[in-house]
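Visitor: Dumping the structure here so I can ask a few things about it.
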Amino acid sequence: LRERHRHTSWGPKKLRALLAAKYGITPVPAASTLARLLQRHGLTRQPRRRRPVSQPDRTTRTPATRPNAVWATDFKGWFRTQDGQRCDPLTISDLYSRYVLGCRIVPGQRMEDVRPVFRRVFRWFGLPEVLRVDNGRPFGSHGVAGLSQLSAWWLHLGIRVEFIAPAHPEQNGGHERMHRTLKAETARPPAATPRAQQARFDRWRHTFNHERPHEALGMQRPADRYVRSARRYTEHPAPPGYPPHYHVRRVKQQGVIKWRNRRCFIGQALHGMLVGLVEVGEEAYDVYFGALHLGRLDPSGTLRPVPPAPRRRSALRASR
């Protein structure tokens with residue numbers, strides 16, 4: 001117990017090894033015995049309970065049948081320029097035309113680092129219908145519906161977010177193939193400085209879009225197929241609308257709403273956003289952010305994921 005007070009983060013296994021090495025105790029009590037002793041004296045910490053959250057749909061992918069139907073975005077993978085500076089290129093492409101909309105070096109992979117890049121791209125090219133991303137930061141999180149602040153902002157702009165399955169980059173294959181070309185033609189070897197590397201990216205993007213024929217496009221160039229989106233970007237979009245029978249609440253700091261005299265946690269990524277609640281049973285309410293179903297508030301005020309409806313056997317046969 002004295003050693004536990006000295007080393008407050010040590011658990012039974014570390015304390016057991018210490019008893020043998022420092023005090024020469026033999027036989028050493030089992031780790032489970034030490035755990036019960038610590039618990040009896042109030043020296044254990046309860047594991048943090050994770051809130052159950054709904055998970056994003058990673059099984060459905062929208063086909064890219066026209067320009068701006070589906071964009072993809074990702075980080076190419078960082079490397080160092082010849083002066084030793086870290087280089088993090090963020091890329092955005094239109095999957096129908098293969099047109100590279102942006103390739104910018106950003107300071108890091110945080111919301112405040114990448115949002116200005118998307119703002120510039122949206123202002124110039126308009127908005128896509130869908131943005132396809134992986135699950136890493138800053139695109140996704142372990143929070144409600146897998147949303148981060150960045151992907152919640154996209155939803156607020158009216159862009160649907162599609163997450164690929166974890167560890168399956170082939171689900172974003174066209175974008176990943178572009179990354180291979182980008183690396184081979186601009187970073188082997190890297191430029192002397194980040195500024196010189198960005199100049200390389202800019203020249204490469206023009207060549208890739210306007211000069212390089214693509215076999216997947218029937219030897220056309222991406223610029224031959226791409227047109228700007230008719231959906232224009234606005235800095236202050238209208239909040240999502242909800243039917244009259246919905247209860248509308250604004251998500252406050254710490255990601256909570258006030259509901260039935262309770263503080264109900266919805267998700268920090270939705271801070272400042274309006275969510276809609278609709279009654280689906282006795283003291284149970286489904287929670288939506290626009291058209292996205294976030295989960296169900298139970299009578300205790302906890303937001304829980306709703307499991308998908310089971311697929312019928314006939315549907316399973318058809319999918320095979």
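Each chain of the structure tokens is named A, B, ... in the order shown, its residues numbered from 1; ligands are numbered from 1 in display order.
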Near Val130 in chain A, within 10 Å and counting only C-alpha atoms, which residues show up once chain neighbours fewer than 4 positions away are dropped, as a PyMOL selection string?
Guide: chain A and resi 61-64+68-72+154-155+158-162
Visitor: Using DSSP assignments from the backbone, pull out every residue in range 35-207 of chain A that falls under helix (DSSP H, G or I) and give it to me as an MDAnalysis selection string.
Guide: chainID A and resid 35:40 111:125 144:146 149:156 169:186 194:207
Visitor: May I have the residues within 6 Å of range 284-287 of chain A as a PyMOL selection string, using only C-alpha atoms and disregarding those fewer than 3 positions away in the same chain?
Guide: chain A and resi 276-281+294-299
Visitor: Okay, now the selection with N, CA and C atoms, as a tab-separated table (two decimals), in the first residue's frame?
Guide:
```
chain	number	residue	atom	x	y	z
A	276	GLY	N	-32.62	17.90	-34.24
A	276	GLY	CA	-34.05	17.68	-34.12
A	276	GLY	C	-34.35	16.39	-33.39
A	277	LEU	N	-35.33	16.41	-32.50
A	277	LEU	CA	-35.74	15.23	-31.74
A	277	LEU	C	-37.18	14.89	-32.09
A	278	VAL	N	-37.44	13.62	-32.35
A	278	VAL	CA	-38.79	13.18	-32.66
A	278	VAL	C	-39.11	11.98	-31.79
A	279	GLU	N	-40.30	11.98	-31.19
A	279	GLU	CA	-40.69	10.90	-30.28
A	279	GLU	C	-40.98	9.63	-31.07
A	280	VAL	N	-40.40	8.52	-30.60
A	280	VAL	CA	-40.61	7.23	-31.26
A	280	VAL	C	-41.16	6.19	-30.30
A	281	GLY	N	-41.32	6.52	-29.06
A	281	GLY	CA	-41.85	5.61	-28.06
A	281	GLY	C	-41.95	6.31	-26.73
A	294	LEU	N	-28.57	10.39	-35.69
A	294	LEU	CA	-27.47	10.31	-34.75
A	294	LEU	C	-27.63	9.19	-33.74
A	295	GLY	N	-28.86	8.86	-33.38
A	295	GLY	CA	-29.09	7.83	-32.38
A	295	GLY	C	-30.41	8.07	-31.68
A	296	ARG	N	-30.60	7.39	-30.56
A	296	ARG	CA	-31.86	7.47	-29.83
A	296	ARG	C	-31.60	7.83	-28.37
A	297	LEU	N	-32.30	8.86	-27.90
A	297	LEU	CA	-32.24	9.23	-26.48
A	297	LEU	C	-33.18	8.32	-25.69
A	298	ASP	N	-32.62	7.59	-24.72
A	298	ASP	CA	-33.46	6.73	-23.91
A	298	ASP	C	-34.00	7.53	-22.72
A	299	PRO	N	-34.87	6.94	-21.89
A	299	PRO	CA	-35.45	7.70	-20.77
A	299	PRO	C	-34.42	8.28	-19.81
```
Visitor: If I take CA of Ala291 in chain A and CA of Glu129 in chain A, how far is one from the other in Å, to one decimal?
Guide: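 Separation of CA of Ala291 in chain A and CA of Glu129 in chain A: 13.7 Å.
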Visitor: Mind listing the strand (DSSP E or B) residues of range 123-233 of chain A, per DSSP on the backbone, as an NGL selection string?
Guide: :A and (130-133 or 140 or 147 or 160-163 or 214 or 220)
Visitor: For the selection you just gave me, I'd like the residues written to a file as an mmCIF file, in the first residue's frame, keeping C-alpha atoms.
Guide:
```cif
data_model
loop_
_atom_site.group_PDB
_atom_site.id
_atom_site.type_symbol
_atom_site.label_atom_id
_atom_site.label_comp_id
_atom_site.auth_asym_id
_atom_site.auth_seq_id
_atom_site.Cartn_x
_atom_site.Cartn_y
_atom_site.Cartn_z
ATOM 1 C CA VAL A 130 -20.687 13.749 -51.337
ATOM 2 C CA LEU A 131 -17.227 13.845 -49.740
ATOM 3 C CA ARG A 132 -15.576 10.436 -49.305
ATOM 4 C CA VAL A 133 -12.995 10.220 -46.514
ATOM 5 C CA GLY A 140 -13.594 11.370 -38.502
ATOM 6 C CA LEU A 147 -18.228 12.915 -36.935
ATOM 7 C CA ARG A 160 -23.045 14.221 -47.374
ATOM 8 C CA VAL A 161 -20.042 12.501 -45.786
ATOM 9 C CA GLU A 162 -19.100 8.925 -46.720
ATOM 10 C CA PHE A 163 -16.573 7.081 -44.563
ATOM 11 C CA HIS A 214 -5.793 9.231 -68.520
ATOM 12 C CA GLN A 220 -9.074 12.198 -72.117
#
```
Visitor: What is the CA of Gln198 in chain A to CA of Arg110 in chain A distance in Å?
Guide: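 Pair CA of Gln198 in chain A / CA of Arg110 in chain A returns 19.4 Å.
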Visitor: What is the distance, in Å and to one decimal place, between CA of Ala223 in chain A and CA of Asn209 in chain A?
Guide: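 Taking CA of Ala223 in chain A as the start and CA of Asn209 in chain A as the end point, the length is 5.4 Å.
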Visitor: Residues within 12 Å of Lys14 in chain A, please, as a VMD selection string. Count only C-alpha atoms; anything in the same chain fewer than 6 positions from it doesn't count.
Guide: chain A and resid 3 to 4 7 to 8 20 to 22 28 30 to 31 34 to 35
Visitor: With N, CA and C atoms retained, could you export that selection as an mmCIF file, in the first residue's frame?
Guide:
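Written out: result-v6.cif:
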```
data_model
loop_
_atom_site.group_PDB
_atom_site.id
_atom_site.type_symbol
_atom_site.label_atom_id
_atom_site.label_comp_id
_atom_site.auth_asym_id
_atom_site.auth_seq_id
_atom_site.Cartn_x
_atom_site.Cartn_y
_atom_site.Cartn_z
ATOM 1 N N GLU A 3 3.862 1.516 -1.360
ATOM 2 C CA GLU A 3 4.398 1.676 -2.708
ATOM 3 C C GLU A 3 3.328 2.186 -3.664
ATOM 4 N N ARG A 4 2.092 1.811 -3.458
ATOM 5 C CA ARG A 4 1.005 2.306 -4.326
ATOM 6 C C ARG A 4 0.826 3.802 -4.152
ATOM 7 N N HIS A 7 3.688 5.414 -6.081
ATOM 8 C CA HIS A 7 3.565 5.272 -7.543
ATOM 9 C C HIS A 7 2.070 5.150 -7.879
ATOM 10 N N THR A 8 1.418 6.301 -7.939
ATOM 11 C CA THR A 8 -0.045 6.292 -8.017
ATOM 12 C C THR A 8 -0.594 5.726 -9.319
ATOM 13 N N ALA A 20 8.887 -8.338 -5.329
ATOM 14 C CA ALA A 20 9.934 -9.350 -5.467
ATOM 15 C C ALA A 20 11.316 -8.714 -5.572
ATOM 16 N N ALA A 21 11.434 -7.648 -6.379
ATOM 17 C CA ALA A 21 12.755 -7.068 -6.629
ATOM 18 C C ALA A 21 13.262 -6.240 -5.452
ATOM 19 N N LYS A 22 12.404 -5.458 -4.822
ATOM 20 C CA LYS A 22 12.845 -4.528 -3.782
ATOM 21 C C LYS A 22 12.835 -5.154 -2.398
ATOM 22 N N VAL A 28 5.522 -14.388 -4.156
ATOM 23 C CA VAL A 28 4.843 -13.107 -4.335
ATOM 24 C C VAL A 28 3.351 -13.363 -4.515
ATOM 25 N N ALA A 30 -0.376 -13.251 -5.916
ATOM 26 C CA ALA A 30 -0.848 -13.109 -7.294
ATOM 27 C C ALA A 30 -1.331 -11.687 -7.545
ATOM 28 N N ALA A 31 -1.295 -11.263 -8.813
ATOM 29 C CA ALA A 31 -1.748 -9.920 -9.167
ATOM 30 C C ALA A 31 -3.208 -9.721 -8.805
ATOM 31 N N LEU A 34 -3.404 -8.810 -5.161
ATOM 32 C CA LEU A 34 -3.041 -7.406 -4.955
ATOM 33 C C LEU A 34 -4.148 -6.475 -5.436
ATOM 34 N N ALA A 35 -4.812 -6.832 -6.543
ATOM 35 C CA ALA A 35 -5.899 -5.997 -7.059
ATOM 36 C C ALA A 35 -7.030 -5.902 -6.051
#
```
Visitor: If we count only C-alpha atoms and set the cut-off at 10 Å, which residues sit around range 232-244 of chain A, ignoring sequence neighbours fewer than 4 positions away in its own chain? Please answer as a ChimeraX atom specification.
Guide: /A:119-128,155-158,228,248,273-278,288-291
